[in-house]
file protein10.txt (compact mmCIF, C-alpha atoms)
# COMPACT_ATOMS: atom_id res chain seq x y z
CA MET N 1 36.94 28.11 -37.08
CA ARG N 2 33.16 28.39 -36.70
CA VAL N 3 30.94 26.89 -39.39
CA LEU N 4 27.18 27.25 -39.67
CA ILE N 5 25.57 24.42 -41.62
CA ILE N 6 22.07 25.21 -42.88
CA ASN N 7 19.45 22.66 -43.96
CA THR N 8 15.67 22.69 -43.96
CA SER N 9 15.35 19.54 -41.84
CA GLU N 10 17.55 17.98 -39.21
CA GLN N 11 17.23 14.34 -40.25
CA THR N 12 14.39 13.88 -42.74
CA GLY N 13 15.77 13.12 -46.18
CA GLY N 14 19.19 12.26 -47.55
CA ALA N 15 20.46 15.84 -47.52
CA ALA N 16 19.54 16.25 -43.86
CA LEU N 17 21.33 13.05 -42.89
CA ALA N 18 24.43 14.09 -44.83
CA ALA N 19 24.44 17.59 -43.30
CA LYS N 20 23.97 16.19 -39.80
CA ARG N 21 26.77 13.66 -40.27
CA LEU N 22 29.07 16.39 -41.54
CA THR N 23 28.25 18.58 -38.53
CA THR N 24 29.20 15.74 -36.20
CA ALA N 25 32.37 14.94 -38.15
CA LEU N 26 33.56 18.55 -38.18
CA ASN N 27 33.11 18.87 -34.43
CA LEU N 28 35.15 15.71 -33.93
CA HIS N 29 37.98 17.20 -36.00
CA GLY N 30 38.51 20.54 -34.32
CA VAL N 31 35.87 22.71 -36.02
CA GLU N 32 33.10 24.43 -34.08
CA ALA N 33 30.16 23.46 -36.26
CA ARG N 34 26.50 24.24 -35.62
CA MET N 35 23.52 23.15 -37.69
CA LEU N 36 20.61 25.54 -38.27
CA VAL N 37 17.37 23.86 -39.32
CA GLY N 38 13.75 24.76 -39.81
CA ARG N 39 12.53 21.59 -38.14
CA ARG N 40 14.49 20.19 -35.22
CA GLN N 41 13.89 16.51 -34.45
CA THR N 42 16.39 15.65 -31.70
CA ALA N 43 17.88 17.19 -28.58
CA ASP N 44 21.34 17.49 -30.16
CA ARG N 45 22.97 20.63 -28.75
CA THR N 46 24.82 21.35 -31.98
CA VAL N 47 21.45 21.77 -33.74
CA ILE N 48 19.57 25.06 -33.60
CA THR N 49 16.06 25.55 -34.88
CA LEU N 50 14.34 28.68 -36.12
CA LYS N 51 12.15 30.32 -33.53
CA ARG N 52 8.46 30.49 -34.34
CA ASP N 53 8.67 27.49 -36.63
CA TRP N 54 5.06 28.14 -37.67
CA ARG N 55 6.59 30.67 -40.03
CA LEU N 56 8.33 27.86 -41.91
CA ARG N 57 4.97 26.19 -42.49
CA TRP N 58 3.51 29.51 -43.63
CA HIS N 59 6.42 30.10 -46.00
CA PHE N 60 5.98 26.59 -47.39
CA LEU N 61 2.25 27.07 -47.97
CA ARG N 62 2.74 30.48 -49.51
CA GLU N 63 5.30 29.10 -51.96
CA ARG N 64 3.09 26.11 -52.82
CA LEU N 65 0.15 28.43 -53.49
CA CYS N 66 2.20 30.45 -55.96
CA ILE N 67 3.37 27.30 -57.75
CA PHE N 68 -0.17 25.88 -57.67
CA THR N 69 -1.52 28.89 -59.55
CA HIS N 70 1.20 28.57 -62.20
CA LEU N 71 0.27 24.89 -62.57
CA HIS N 72 -3.26 26.05 -63.38
CA PHE N 73 -4.43 24.54 -60.07
CA ARG N 74 -3.19 21.04 -60.84
CA LYS N 75 -1.37 19.02 -58.17
CA LYS N 76 1.02 17.29 -60.57
CA HIS N 77 4.58 18.55 -59.93
CA LEU N 78 3.36 20.70 -57.02
CA PHE N 79 6.00 19.27 -54.69
CA GLU N 80 8.73 18.84 -57.30
CA LEU N 81 9.44 22.55 -57.78
CA ASP N 82 10.78 25.34 -55.60
CA ILE N 83 10.87 29.06 -56.36
CA ALA N 84 12.31 30.38 -53.05
CA ASN N 85 9.99 33.37 -53.00
CA THR N 86 9.73 33.32 -49.21
CA GLY N 87 11.90 32.27 -46.28
CA SER N 88 13.37 33.24 -42.90
CA ASP N 89 16.00 35.95 -42.53
CA ILE N 90 18.73 34.06 -40.71
CA THR N 91 21.26 36.90 -41.02
CA ARG N 92 19.81 38.48 -37.87
CA LEU N 93 20.57 35.44 -35.72
CA PRO N 94 23.58 35.50 -33.34
CA VAL N 95 24.70 32.09 -34.65
CA PHE N 96 24.93 33.59 -38.13
CA ARG N 97 26.87 36.66 -37.01
CA GLU N 98 29.34 34.48 -35.06
CA ALA N 99 30.05 32.11 -37.96
CA ASP N 100 33.21 32.33 -40.07
CA ILE N 101 31.81 30.11 -42.84
CA ILE N 102 28.21 29.75 -44.01
CA HIS N 103 27.59 26.28 -45.42
CA LEU N 104 24.28 25.81 -47.23
CA HIS N 105 22.84 22.39 -47.98
CA TRP N 106 19.18 21.71 -48.98
CA VAL N 107 17.41 24.95 -48.07
CA ASN N 108 14.10 24.69 -49.93
CA GLN N 109 10.43 24.48 -48.93
CA GLY N 110 10.33 27.79 -47.10
CA MET N 111 13.71 27.71 -45.33
CA LEU N 112 15.56 30.39 -47.33
CA SER N 113 14.29 32.77 -49.99
CA LEU N 114 16.40 34.19 -52.79
CA ALA N 115 16.15 37.56 -51.03
CA VAL N 116 17.69 36.01 -47.90
CA LEU N 117 20.35 34.31 -50.01
CA ARG N 118 21.31 37.73 -51.33
CA LYS N 119 21.60 39.06 -47.76
CA ILE N 120 23.76 36.08 -46.76
CA LEU N 121 26.14 36.81 -49.63
CA GLU N 122 26.15 40.54 -48.92
CA SER N 123 27.37 39.78 -45.38
CA GLY N 124 30.79 39.10 -46.89
CA LYS N 125 31.13 35.72 -45.19
CA PRO N 126 32.47 32.90 -47.39
CA VAL N 127 29.59 30.72 -48.57
CA VAL N 128 29.83 27.03 -49.46
CA TRP N 129 26.78 25.44 -51.04
CA THR N 130 26.67 21.65 -51.11
CA MET N 131 24.30 20.62 -53.88
CA HIS N 132 22.27 17.53 -53.10
CA ASP N 133 20.43 17.95 -56.40
CA ILE N 134 20.57 20.27 -59.41
CA TRP N 135 18.22 23.01 -58.08
CA PRO N 136 20.98 25.56 -57.32
CA ALA N 137 22.00 25.35 -60.99
CA THR N 138 18.49 25.49 -62.50
CA SER N 139 15.53 27.80 -62.15
CA VAL N 140 12.86 25.82 -60.30
CA CYS N 141 13.41 22.06 -60.68
CA HIS N 142 15.40 19.53 -58.66
CA LEU N 143 15.51 16.93 -61.44
CA THR N 144 16.16 18.05 -65.00
CA MET N 145 15.67 14.54 -66.43
CA ASP N 146 16.17 15.08 -70.19
CA CYS N 147 15.70 18.87 -70.18
CA LYS N 148 18.81 20.88 -71.13
CA ARG N 149 17.37 24.39 -70.97
CA TYR N 150 19.44 25.22 -67.87
CA LEU N 151 22.53 25.10 -70.08
CA THR N 152 21.46 28.41 -71.64
CA ALA N 153 18.50 29.84 -69.70
CA CYS N 154 15.48 28.22 -68.09
CA GLN N 155 12.21 29.31 -69.65
CA GLN N 156 8.87 27.70 -70.42
CA CYS N 157 9.70 24.94 -67.94
CA PRO N 158 8.29 21.52 -68.96
CA TYR N 159 7.09 21.00 -65.38
CA LEU N 160 4.90 24.12 -65.53
CA SER N 161 1.73 24.66 -67.51
CA PRO N 162 2.38 26.63 -70.71
CA THR N 163 1.41 30.29 -70.55
CA LEU N 164 1.83 33.32 -72.76
CA PHE N 165 1.61 35.87 -69.98
CA SER N 166 3.85 34.83 -67.08
CA ASP N 167 6.93 32.63 -67.40
CA LEU N 168 7.68 31.71 -63.79
CA ALA N 169 10.83 29.75 -64.65
CA ALA N 170 12.28 32.71 -66.56
CA LYS N 171 11.52 35.08 -63.68
CA VAL N 172 13.21 32.87 -61.06
CA TRP N 173 16.17 32.31 -63.40
CA LYS N 174 16.71 36.07 -63.73
CA ARG N 175 16.56 36.54 -59.96
CA LYS N 176 19.06 33.76 -59.33
CA LYS N 177 21.38 35.01 -62.05
CA SER N 178 21.42 38.57 -60.69
CA ILE N 179 22.41 37.20 -57.27
CA TYR N 180 25.05 34.78 -58.54
CA ASP N 181 26.61 37.32 -60.93
CA ALA N 182 27.20 39.77 -58.06
CA HIS N 183 28.77 37.30 -55.62
CA ARG N 184 31.10 34.33 -55.33
CA ILE N 185 29.77 31.00 -54.08
CA MET N 186 31.78 27.81 -53.64
CA PHE N 187 29.48 25.15 -55.11
CA VAL N 188 30.10 21.53 -54.11
CA GLY N 189 28.50 18.57 -55.82
CA CYS N 190 28.23 15.39 -53.77
CA SER N 191 29.21 13.47 -56.89
CA ARG N 192 31.43 14.11 -59.88
CA TRP N 193 28.33 13.66 -62.04
CA LEU N 194 26.52 16.53 -60.31
CA GLU N 195 29.66 18.68 -60.34
CA GLU N 196 30.00 18.24 -64.10
CA ASN N 197 26.33 18.93 -64.83
CA ALA N 198 26.11 21.94 -62.54
CA ALA N 199 29.29 23.46 -63.99
CA ARG N 200 27.64 23.43 -67.41
CA SER N 201 24.73 25.57 -66.20
CA ALA N 202 24.63 29.12 -67.53
CA LEU N 203 23.76 30.21 -63.99
CA LEU N 204 27.08 29.02 -62.56
CA GLN N 205 29.38 30.39 -65.23
CA GLY N 206 32.32 32.04 -63.46
CA GLN N 207 31.57 30.29 -60.16
CA PRO N 208 33.92 27.66 -58.68
CA VAL N 209 32.46 24.15 -58.64
CA THR N 210 34.03 21.06 -57.08
CA ASN N 211 32.91 17.75 -55.59
CA ILE N 212 33.12 16.22 -52.12
CA PRO N 213 31.06 13.13 -51.24
CA ASN N 214 28.72 12.81 -48.30
CA PRO N 215 30.11 11.13 -45.17
CA ILE N 216 28.79 7.84 -43.81
CA ASP N 217 28.70 6.95 -40.12
CA THR N 218 30.88 3.85 -40.21
CA ASP N 219 30.40 3.31 -36.46
CA VAL N 220 26.73 2.57 -37.13
CA PHE N 221 26.88 1.23 -40.67
CA SER N 222 29.33 -1.64 -40.52
CA PRO N 223 29.31 -5.39 -41.18
CA GLY N 224 27.45 -7.54 -38.66
CA ASP N 225 25.95 -10.96 -38.05
CA ARG N 226 23.32 -11.64 -40.72
CA ALA N 227 21.40 -14.27 -38.76
CA ALA N 228 21.25 -12.08 -35.66
CA ALA N 229 19.98 -9.14 -37.70
CA ARG N 230 17.28 -11.27 -39.30
CA HIS N 231 16.25 -12.57 -35.90
CA ARG N 232 15.87 -9.04 -34.52
CA LEU N 233 13.83 -7.98 -37.57
CA ARG N 234 11.80 -11.22 -37.66
CA LEU N 235 12.92 -11.99 -41.19
CA PRO N 236 13.30 -15.57 -42.47
CA LEU N 237 16.64 -17.29 -42.07
CA ASP N 238 16.12 -19.69 -44.97
CA LYS N 239 15.50 -17.25 -47.84
CA ARG N 240 17.65 -15.03 -50.00
CA LEU N 241 16.59 -11.46 -49.28
CA ILE N 242 16.57 -8.70 -51.90
CA LEU N 243 16.32 -5.24 -50.36
CA PHE N 244 14.63 -2.28 -52.02
CA ALA N 245 14.57 1.00 -50.09
CA ALA N 246 13.44 4.57 -50.69
CA HIS N 247 11.93 7.34 -48.60
CA ASN N 248 8.74 6.68 -50.57
CA ALA N 249 8.86 3.19 -52.05
CA THR N 250 6.29 4.03 -54.72
CA ASN N 251 8.14 7.09 -56.02
CA PRO N 252 8.46 6.40 -59.78
CA ASN N 253 11.86 8.11 -59.85
CA LYS N 254 13.23 5.43 -57.52
CA GLY N 255 12.59 2.87 -60.24
CA LEU N 256 9.65 0.96 -58.80
CA ALA N 257 8.50 -0.16 -62.26
CA TYR N 258 11.95 -1.57 -63.07
CA MET N 259 12.25 -3.21 -59.65
CA THR N 260 8.95 -5.06 -60.02
CA GLU N 261 9.67 -6.00 -63.65
CA ALA N 262 13.08 -7.40 -62.67
CA CYS N 263 11.42 -9.53 -59.98
CA ARG N 264 8.95 -10.89 -62.53
CA ILE N 265 11.80 -11.70 -64.92
CA LEU N 266 13.68 -13.56 -62.17
CA ALA N 267 10.60 -15.59 -61.28
CA ARG N 268 9.94 -16.36 -64.95
CA ASP N 269 13.47 -17.49 -65.75
CA HIS N 270 14.30 -19.21 -62.45
CA SER N 271 11.36 -21.25 -61.19
CA SER N 272 12.89 -21.93 -57.77
CA MET N 273 13.25 -18.27 -56.80
CA PRO N 274 9.64 -17.53 -55.74
CA ALA N 275 9.99 -20.21 -53.07
CA ASP N 276 13.46 -19.40 -51.77
CA THR N 277 13.68 -15.62 -52.34
CA ALA N 278 11.87 -12.70 -50.71
CA LEU N 279 11.76 -8.95 -51.21
CA VAL N 280 12.34 -6.66 -48.23
CA VAL N 281 10.98 -3.14 -48.71
CA MET N 282 11.95 -0.18 -46.54
CA GLY N 283 10.10 3.12 -46.94
CA LYS N 284 6.66 4.68 -47.02
CA ASN N 285 3.95 2.76 -48.90
CA ALA N 286 6.07 -0.40 -48.75
CA THR N 287 3.00 -2.64 -48.42
CA GLU N 288 1.86 -1.68 -51.93
CA LEU N 289 4.62 -3.81 -53.48
CA ALA N 290 3.12 -7.05 -52.17
CA ALA N 291 0.64 -7.22 -55.05
CA LEU N 292 3.24 -6.29 -57.68
CA VAL N 293 5.95 -8.96 -57.36
CA PRO N 294 5.93 -12.78 -57.43
CA PHE N 295 7.98 -13.03 -54.22
CA GLU N 296 6.99 -12.88 -50.59
CA VAL N 297 7.27 -9.24 -49.48
CA PHE N 298 8.35 -8.04 -46.04
CA ALA N 299 7.20 -4.43 -45.79
CA LEU N 300 9.14 -2.69 -43.03
CA GLY N 301 7.71 0.78 -43.66
CA TYR N 302 9.58 4.00 -43.02
CA LEU N 303 12.40 3.59 -40.49
CA ASP N 304 14.35 6.43 -38.87
CA ASN N 305 16.48 4.60 -36.31
CA PRO N 306 19.94 4.25 -37.91
CA HIS N 307 20.77 1.14 -35.90
CA THR N 308 17.61 -0.59 -37.12
CA ILE N 309 18.34 0.52 -40.68
CA ALA N 310 21.85 -0.94 -40.41
CA ASP N 311 20.30 -4.23 -39.30
CA VAL N 312 18.07 -4.22 -42.40
CA TYR N 313 21.15 -3.94 -44.62
CA ARG N 314 22.99 -6.67 -42.70
CA ALA N 315 19.99 -8.99 -42.99
CA SER N 316 19.92 -8.64 -46.79
CA ASP N 317 21.83 -10.50 -49.47
CA VAL N 318 21.72 -7.71 -52.04
CA PHE N 319 20.50 -4.11 -52.16
CA VAL N 320 18.84 -2.84 -55.33
CA LEU N 321 18.28 0.84 -56.16
CA PRO N 322 17.09 1.22 -59.78
CA SER N 323 16.69 5.01 -59.59
CA LEU N 324 16.17 6.99 -62.77
CA SER N 325 18.07 10.00 -61.43
CA GLU N 326 20.44 10.10 -58.46
CA ASN N 327 23.21 12.24 -57.05
CA LEU N 328 25.21 10.06 -54.65
CA PRO N 329 22.60 7.99 -52.78
CA ASN N 330 23.21 7.49 -49.07
CA THR N 331 21.41 4.15 -49.19
CA ILE N 332 24.01 2.56 -51.48
CA MET N 333 26.78 3.98 -49.31
CA GLU N 334 25.12 2.60 -46.16
CA ALA N 335 24.57 -0.83 -47.67
CA MET N 336 28.18 -1.03 -48.87
CA ALA N 337 29.44 0.01 -45.43
CA CYS N 338 27.54 -2.97 -44.03
CA GLY N 339 29.23 -5.23 -46.60
CA ILE N 340 26.16 -5.66 -48.82
CA PRO N 341 26.74 -5.71 -52.61
CA CYS N 342 24.49 -3.33 -54.54
CA VAL N 343 22.80 -3.15 -57.93
CA GLY N 344 21.86 0.11 -59.61
CA PHE N 345 21.50 1.70 -63.01
CA ARG N 346 24.33 3.53 -64.75
CA VAL N 347 22.97 6.97 -63.93
CA GLY N 348 24.09 9.96 -61.87
CA GLY N 349 26.63 9.20 -59.16
CA ILE N 350 25.72 5.52 -58.79
CA PRO N 351 28.67 4.29 -60.94
CA GLU N 352 30.98 6.34 -58.71
CA GLU N 353 29.88 4.26 -55.71
CA ILE N 354 29.43 0.84 -57.30
CA ASP N 355 32.51 -0.51 -59.08
CA HIS N 356 31.02 -2.88 -61.63
CA LEU N 357 31.62 -6.57 -60.77
CA HIS N 358 34.09 -5.54 -58.06
CA ASN N 359 31.73 -4.60 -55.23
CA GLY N 360 28.37 -4.75 -57.03
CA TYR N 361 26.68 -4.56 -60.40
CA VAL N 362 25.95 -1.50 -62.56
CA ALA N 363 23.08 -2.28 -64.93
CA ARG N 364 22.31 -0.62 -68.23
CA PHE N 365 20.02 2.36 -67.73
CA ARG N 366 16.30 1.52 -67.79
CA ASP N 367 17.05 -2.10 -68.66
CA ALA N 368 14.99 -4.41 -66.44
CA GLU N 369 16.53 -7.52 -68.04
CA ASP N 370 20.05 -6.39 -67.13
CA LEU N 371 18.85 -5.34 -63.68
CA ALA N 372 17.48 -8.85 -63.13
CA TYR N 373 20.71 -10.37 -64.44
CA GLY N 374 22.73 -8.27 -61.98
CA ILE N 375 20.58 -9.33 -59.03
CA ARG N 376 20.85 -12.99 -60.03
CA HIS N 377 24.61 -12.71 -60.57
CA LEU N 378 25.23 -11.27 -57.11
CA LEU N 379 22.92 -13.77 -55.43
CA PHE N 380 24.18 -16.95 -57.08
CA ASP N 381 27.33 -16.54 -59.17
CA ALA N 382 29.62 -13.92 -57.64
CA ASP N 383 32.06 -14.46 -54.77
CA ARG N 384 30.04 -12.85 -51.99
CA GLN N 385 32.92 -12.69 -49.53
CA LYS N 386 35.09 -10.74 -51.97
CA LEU N 387 32.23 -8.45 -53.00
CA SER N 388 31.49 -7.67 -49.36
CA ALA N 389 35.11 -6.95 -48.52
CA HIS N 390 35.52 -4.70 -51.55
CA ALA N 391 32.33 -2.78 -50.66
CA VAL N 392 33.57 -2.08 -47.14
CA GLU N 393 37.00 -1.06 -48.50
CA LYS N 394 35.40 1.39 -50.94
CA VAL N 395 33.54 3.15 -48.13
CA ALA N 396 36.60 3.17 -45.87
CA GLY N 397 38.69 4.78 -48.60
CA HIS N 398 36.24 7.47 -49.72
CA TYR N 399 33.27 8.14 -47.46
CA THR N 400 34.32 8.03 -43.81
CA PRO N 401 33.61 11.10 -41.62
CA ALA N 402 37.33 11.74 -41.16
CA ILE N 403 38.06 11.80 -44.90
CA VAL N 404 35.09 13.99 -45.82
CA ALA N 405 35.54 16.36 -42.87
CA GLN N 406 39.18 16.93 -43.75
CA ARG N 407 38.32 17.77 -47.35
CA TYR N 408 35.81 20.37 -46.18
CA ILE N 409 38.21 21.78 -43.58
CA THR N 410 40.81 22.27 -46.30
CA LEU N 411 38.20 24.03 -48.46
CA TYR N 412 37.10 26.28 -45.59
CA ARG N 413 40.69 27.31 -44.87
CA GLU N 414 41.32 28.13 -48.51
CA LEU N 415 38.21 30.34 -48.60
CA LEU N 416 39.15 32.16 -45.39
CA GLU N 417 42.72 32.71 -46.59
CA ALA N 418 41.47 34.04 -49.93
CA ARG N 419 39.10 36.40 -48.14
CA HIS N 420 41.84 37.82 -45.95
CA THR N 421 44.13 38.40 -48.89
CA GLU N 422 41.56 40.39 -50.87
CA PRO N 423 42.77 44.01 -51.26
CA ASP N 424 39.50 45.55 -50.12
CA HIS N 425 39.08 43.31 -47.10
CA PRO N 426 39.38 45.24 -43.85

call {"tool": "encode", "arguments": {"input": "protein10.txt", "output": "C-alpha cells"}}
result
Amino acid sequence: MRVLIINTSEQTGGAALAAKRLTTALNLHGVEARMLVGRRQTADRTVITLKRDWRLRWHFLRERLCIFTHLHFRKKHLFELDIANTGSDITRLPVFREADIIHLHWVNQGMLSLAVLRKILESGKPVVWTMHDIWPATSVCHLTMDCKRYLTACQQCPYLSPTLFSDLAAKVWKRKKSIYDAHRIMFVGCSRWLEENAARSALLQGQPVTNIPNPIDTDVFSPGDRAAARHRLRLPLDKRLILFAAHNATNPNKGLAYMTEACRILARDHSSMPADTALVVMGKNATELAALVPFEVFALGYLDNPHTIADVYRASDVFVLPSLSENLPNTIMEAMACGIPCVGFRVGGIPEEIDHLHNGYVARFRDAEDLAYGIRHLLFDADRQKLSAHAVEKVAGHYTPAIVAQRYITLYRELLEARHTEPDHP
C-alpha cells in the first residue's frame, strides 16, 4: 500500500509535526508512505518537496493580496483566513500517480487550490483529509469561535469587511460545496470535538466523518530526570516551574491574558509563590511575558529540536495551555508523555486529553480564577507521582505511533476495498 501524505510544511506547526510523525509510523508498520510538502526542512528521504518552491511563495502572496483587498486593505485577520484560490498541481507528479491513497493534512497558504483539490478527487484515488482545524468544513476561516454560519452556509463572514458587492465567503463556500457534492472524501478530525463540529457543517452533509488522534513520538517524549533536564537548560533547581508554550507566545487565542491573570492571582493569594515559583515560556515573543507576570520568567524562545523540547517538559512541574480554541494540542500530549500534569480550559479537544483530577486539571472556560486554582492544586495539593503515572498511561493507551498508525491502516484498507467493489470501477 502506497500512501501520499500532503502538508504545506514539513515540521513547522502542529499539523506538520503530526503529519511527519504519521509518515514515520506508517513506514514502520508496513506501509510505503511519502510526505509531499511545499517547504522541506530536513534531509528525510521519505519527504518530497515541490520543485520551484518560489511558486509556493508566489501563490501565498497572490492569495494574501486577494484577501487584503476584501479586508479593505487592513492587516487584521490577513493571516487568519484562506481562500485556496491558487496552488500547485500535484496530480502531475510521479509520486501522486504512484500512490494508492491520497492523505491531505493542512494544505493552506498556497499549497493546494480548490481547483487542484477537484483534480485530486477526479483522479479516482481514495482521499483522506485529516482536519487539524475547522477550515475544510467552513468557507474561509480556521477558527469559527462563536460563529455558527457554517451550519447552514457561510456568508458575510465576520472576519471580512462588510460589503454589498462581493461576498468572498459566499463565493468560496459555493466552490467548496460544488466540489464536495460531486465527490466522496473521508474526513478525519483529530479530536471527537472537531469530528462533531465538522459533521454539523452544511458543507460536509453526506460525507463520512470520523476521528483519529495525532500520534506522539514516545521514544523522544518520555519521562526523564528533572534535575538533569534543568541543568541542561540552565533552569533553577530550587523553584517550582510553570510552563507555558505556544508557537507564538503572545497569540491571544493561546490564552495569554488568562495565563498572566492566573499568575497575578496566585501571587496575590499566596505570598510565597513569587519567591519560589517561576514561569518558563517556550515560543516566539516569549520575552514579552517578563513584564506581565509577578514571577521570574525564563524565556526560551522558539525551539525546534524535539529532544530539547522534551527536556523543557521534564524540567517543569506543570504545563498550562489556556487556549480559547483548540483541536487536540500536541503540546499537552507531549507534556503528558513526559509525565507532566497539565492544566487547560474545557474547550475543544483538551478535555479528551486531560482527565480532570486524574492526570491534570480542566478549568472552567475563560475563568482565570479556576485556572489559578488548578495550577495551585497540581503544584501543592495533588499526588504528583500518581498524576504523572496516569498521564503517561493515557498517552500509551491512545496516542502512540503504533496505535494511531494501525487505525489509519484499517481506514485505508476499508477505502481501497470499497473502491474495488464499486460496480463502475475497472

call {"tool": "residues_near_point", "arguments": {"input": "protein10.txt", "point": "(24.1, 4.4, -36.8)", "cutoff": "6 Å", "atoms": "only C-alpha atoms", "output": "compact mmCIF listing (two decimals) with C-alpha atoms, in the frame of the given file"}}
result
# COMPACT_ATOMS: atom_id res chain seq x y z
CA VAL N 220 26.73 2.57 -37.13
CA PHE N 221 26.88 1.23 -40.67
CA PRO N 306 19.94 4.25 -37.91
CA HIS N 307 20.77 1.14 -35.90

call {"tool": "closest_residue", "arguments": {"input": "protein10.txt", "among": "N:Leu61, N:Ala84, N:Met186, N:Ile101", "to": "Met35 in chain N", "atoms": "all atoms listed in the file"}}
result
N:Ile101

call {"tool": "residues_around", "arguments": {"input": "protein10.txt", "residues": "Gly110 in chain N", "least_positions_apart": "2", "cutoff": "10 Å", "atoms": "all atoms listed in the file", "output": "ChimeraX atom specification"}}
result
/N:8,38,55-64,82-88,107-108,112-113

call {"tool": "atom_distance", "arguments": {"input": "protein10.txt", "atom1": "CA of Asn214 in chain N", "atom2": "CA of Ile5 in chain N"}}
result
13.8 Å

call {"tool": "residues_around", "arguments": {"input": "protein10.txt", "residues": "Leu256 in chain N", "least_positions_apart": "2", "cutoff": "12 Å", "atoms": "all atoms listed in the file", "output": "VMD selection string"}}
result
chain N and resid 244 to 246 248 to 254 258 to 263 281 285 to 286 288 to 289 292 to 293 320 to 324 366 368

call {"tool": "closest_residue", "arguments": {"input": "protein10.txt", "among": "N:His142, N:Arg407, N:His70, N:Lys76", "to": "Ser166 in chain N", "atoms": "all atoms listed in the file"}}
result
N:His70

call {"tool": "atom_distance", "arguments": {"input": "protein10.txt", "atom1": "CA of Leu194 in chain N", "atom2": "CA of Lys125 in chain N"}}
result
24.9 Å

call {"tool": "atom_distance", "arguments": {"input": "protein10.txt", "atom1": "CA of Pro236 in chain N", "atom2": "CA of Pro329 in chain N"}}
result
27.3 Å

call {"tool": "closest_residue", "arguments": {"input": "protein10.txt", "among": "N:Leu328, N:Leu36, N:Leu104, N:Ala202", "to": "Thr130 in chain N", "atoms": "only C-alpha atoms"}}
result
N:Leu104

call {"tool": "closest_atom_pairs", "arguments": {"input": "protein10.txt", "of": "range 192-286 of chain N", "to": "range 149-152 of chain N", "cutoff": "10 Å", "atoms": "all atoms listed in the file", "output": "CSV"}}
result
residue,atom,partner,partner_atom,distance
N:Asn197,CA,N:Leu151,CA,8.9
N:Ala198,CA,N:Leu151,CA,8.9
N:Ala199,CA,N:Leu151,CA,9.2
N:Arg200,CA,N:Leu151,CA,6.0
N:Ser201,CA,N:Leu151,CA,4.5
N:Ala202,CA,N:Leu151,CA,5.2
N:Leu203,CA,N:Tyr150,CA,7.7
N:Leu204,CA,N:Leu151,CA,9.6
N:Gln205,CA,N:Leu151,CA,9.9

call {"tool": "residues_around", "arguments": {"input": "protein10.txt", "residues": "Phe380 in chain N", "least_positions_apart": "2", "cutoff": "12 Å", "atoms": "all atoms listed in the file", "output": "ChimeraX atom specification"}}
result
/N:240,270,273,277,317-318,373-378,382-384

call {"tool": "residues_near_point", "arguments": {"input": "protein10.txt", "point": "(24.8, 18.1, -56.7)", "cutoff": "7 Å", "atoms": "only C-alpha atoms", "output": "list in words"}}
result
Thr130, Met131, His132, Asp133, Ile134, Val188, Gly189, Cys190, Ser191, Leu194, Glu195 and Asn327 of chain N

call {"tool": "residues_around", "arguments": {"input": "protein10.txt", "residues": "Cys154 in chain N", "least_positions_apart": "4", "cutoff": "9 Å", "atoms": "only C-alpha atoms", "output": "PDB file with C-alpha atoms, keeping the file's coordinate frame"}}
result
ATOM      1  CA  THR N 138      18.490  25.490 -62.500  1.00  0.00           C
ATOM      2  CA  SER N 139      15.530  27.800 -62.150  1.00  0.00           C
ATOM      3  CA  VAL N 140      12.860  25.820 -60.300  1.00  0.00           C
ATOM      4  CA  LYS N 148      18.810  20.880 -71.130  1.00  0.00           C
ATOM      5  CA  ARG N 149      17.370  24.390 -70.970  1.00  0.00           C
ATOM      6  CA  TYR N 150      19.440  25.220 -67.870  1.00  0.00           C
ATOM      7  CA  ALA N 169      10.830  29.750 -64.650  1.00  0.00           C
ATOM      8  CA  ALA N 170      12.280  32.710 -66.560  1.00  0.00           C
ATOM      9  CA  VAL N 172      13.210  32.870 -61.060  1.00  0.00           C
ATOM     10  CA  TRP N 173      16.170  32.310 -63.400  1.00  0.00           C
TER      11      TRP N 173
END

call {"tool": "closest_residue", "arguments": {"input": "protein10.txt", "among": "N:Pro215, N:Trp193, N:Thr49, N:Ile242", "to": "Leu26 in chain N", "atoms": "all atoms listed in the file"}}
result
N:Pro215

call {"tool": "residues_around", "arguments": {"input": "protein10.txt", "residues": "Ala16 in chain N", "least_positions_apart": "3", "cutoff": "10 Å", "atoms": "all atoms listed in the file", "output": "ChimeraX atom specification"}}
result
/N:6-13,19-22,37,105-107,132
